[in-house]
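*Asks:* Attaching a single structure in structure tokens format; questions to follow.
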Amino acid sequence: MTTLLQLNQVSKQYGKETKALSDVSFSVNEGEFVSIIGPSGAGKSTLLRCINRMVDATSGEIIFDDTNLHSLGKKELRKARRKIGMIFQHYNLVNRLSVIENVLHGRLGYKSAIAGILGMYTEEEKGEAIKILQVLGLQDQMYKRCDQLSGGQKQRVGIARALIQNPKLLLCDEPIASLDPNASKIIMDHLRNISTTMGITVLVNLHQVDVALKYSDRIIGVSKGQVVYNGLAQELSTEKIHEIYGSEAGELIMDVGGRNAG
Ligand code: ADP
């Protein structure tokens, strides 16, 4: 197994008061599907954002694809980021643009600023966008403006935009937190399928334990900025869920449907 991502003692302090992450260390193998679970404020979003350096860690090492991201200058970072796709809870689409234009934005990391501004994409890039939209079941929505789509469709556009980067790693920050159960299932099925059939590594922040258990190879439990569980989904005990979620645990364990009962 090849390690794609390795975090060594990553810490993040916001201002003087808030220590969002404390000495977080873990690794993710190529092709793995890993969920990060934990209550609100645990540091999940900060953790994902430190990996692609949308947020700069205060200390520690982040090694992705044999490169220490923390030490890269602007130009090299831009290049490294091509290989890391990001999916957001609120999609981060340009609503007044069409679906296919939003997908093509995923190619901007490969272009000069001017080519990007002029929307200069090759026929090959357009063909690739169409192919990805077909895989995600959006072939009939391609020329619609994004503000005419449902939440679940918007999130599929977000996934398509990440895939056209040709990433090795997908970081998904609460991708289903704004979706109903049906749309959530469609999105999680696509993410799992991307991992299994395309060999892309998926690291996803989730609030819902039941979803994490269903889809993940491995689960990383975060509480108060620290990793308190790192292991197989099937080995996550009720006690651990309590430790990760504290007072929120009761409600969540009911959602899991007594899977860990006894
Ligand atoms: P989660 O994603 O698990 O809800 P976050 O990473 O969003 O957790 O937040 C972790 C902690 O860091 C929280 O205490 C939060 O208030 C704080 N925090 C997050 N982003 C910022 C920021 N930009 N500035 C200051 N504090 C922040």
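Naming scheme: A, B, ... for chains in displayed order of the structure tokens; residues 1 onward per chain; ligands 1 onward as shown.
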Within 10 Å of ligand 1, which residues show up when you count only C-alpha atoms and all ligand atoms? List them as an MDAnalysis selection string, please.

*Replies:* chainID A and resid 12:21 36:50 55 173:174 205:207 222:225

*Asks:* Among range 152-257 of chain A, which residues carry a DSSP assignment of helix (DSSP H, G or I), reported as a PyMOL selection string?

*Replies:* chain A and resi 152-163+181-198+209-215+233-235+238-255

*Asks:* Counting only C-alpha atoms, what is within 9 Å of Val228 in chain A, bar same-chain residues fewer than 5 positions away, as a PyMOL selection string?

*Replies:* chain A and resi 220-223+240+243-244

*Asks:* Which of these residues is nearest to Gly127 in chain A, using only C-alpha atoms: A:Leu169, A:Ile164, A:Gly152, A:Val204?

*Replies:*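 That would be A:Ile164, the residue with the smallest distance to Gly127 in chain A.
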
*Asks:* Counting only C-alpha atoms, figure out which residue out of A:Asn52, A:Gln134, A:Asn92, A:Ser59 gets nearest to Leu170 in chain A.

*Replies:*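 Closest candidate: A:Asn52.
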
*Asks:* Here is a test: counting only C-alpha atoms, which residue of A:Leu149, A:Ile241, A:Leu213, A:Val135 is nearest to Asn193 in chain A?

*Replies:*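 Under the stated criterion, the closest residue is A:Val135.
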
*Asks:* Can you pull out the residues contacting Asn102 in chain A? Cut-off 10 Å, using only C-alpha atoms, and skip same-chain residues under 5 positions away; I want them as a PyMOL selection string.

*Replies:* chain A and resi 92-97+107+129+142+145-146+157-158+160-161

*Asks:* Skipping near chain neighbours, those fewer than 2 positions away, what residues fall within 12 Å of Lys79 in chain A using only C-alpha atoms, listed as a ChimeraX atom specification?

*Replies:* /A:52,67,69,72-77,81-84,107-111,165,167

*Asks:* Quick one: DSSP strand (DSSP E) residues in range 165-196 of chain A, as a VMD selection string?

*Replies:* chain A and resid 169 to 173

*Asks:* List the spatial neighbours of Phe88 in chain A as a count of residues only - criterion: any atom at most 6 Å away, only C-alpha atoms, same-chain residues fewer than 2 positions off excluded.

*Replies:* 4

*Asks:* Would you mind telling me which residue in A:Leu104, A:Ile87, A:Arg218, A:Gln234 lies nearest to Arg156 in chain A when using only C-alpha atoms?

*Replies:*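 Using only C-alpha atoms, the shortest distance to Arg156 in chain A belongs to A:Ile87.
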
*Asks:* Which residue gives the smallest distance to Gly85 in chain A among A:Ile117, A:Asp180, A:Val202, A:Thr196, with only C-alpha atoms counted?

*Replies:* A:Val202

*Asks:* Using only C-alpha atoms, can you tell me which of A:Thr238, A:Thr201, A:Gln139, A:Gln153 comes closest to Thr2 in chain A?

*Replies:*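 Answer, going by the shortest atom-to-atom distance: A:Thr201.
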
*Asks:* Interatomic distance between CA of Leu118 in chain A and CA of Leu136 in chain A?

*Replies:* 26.8 Å
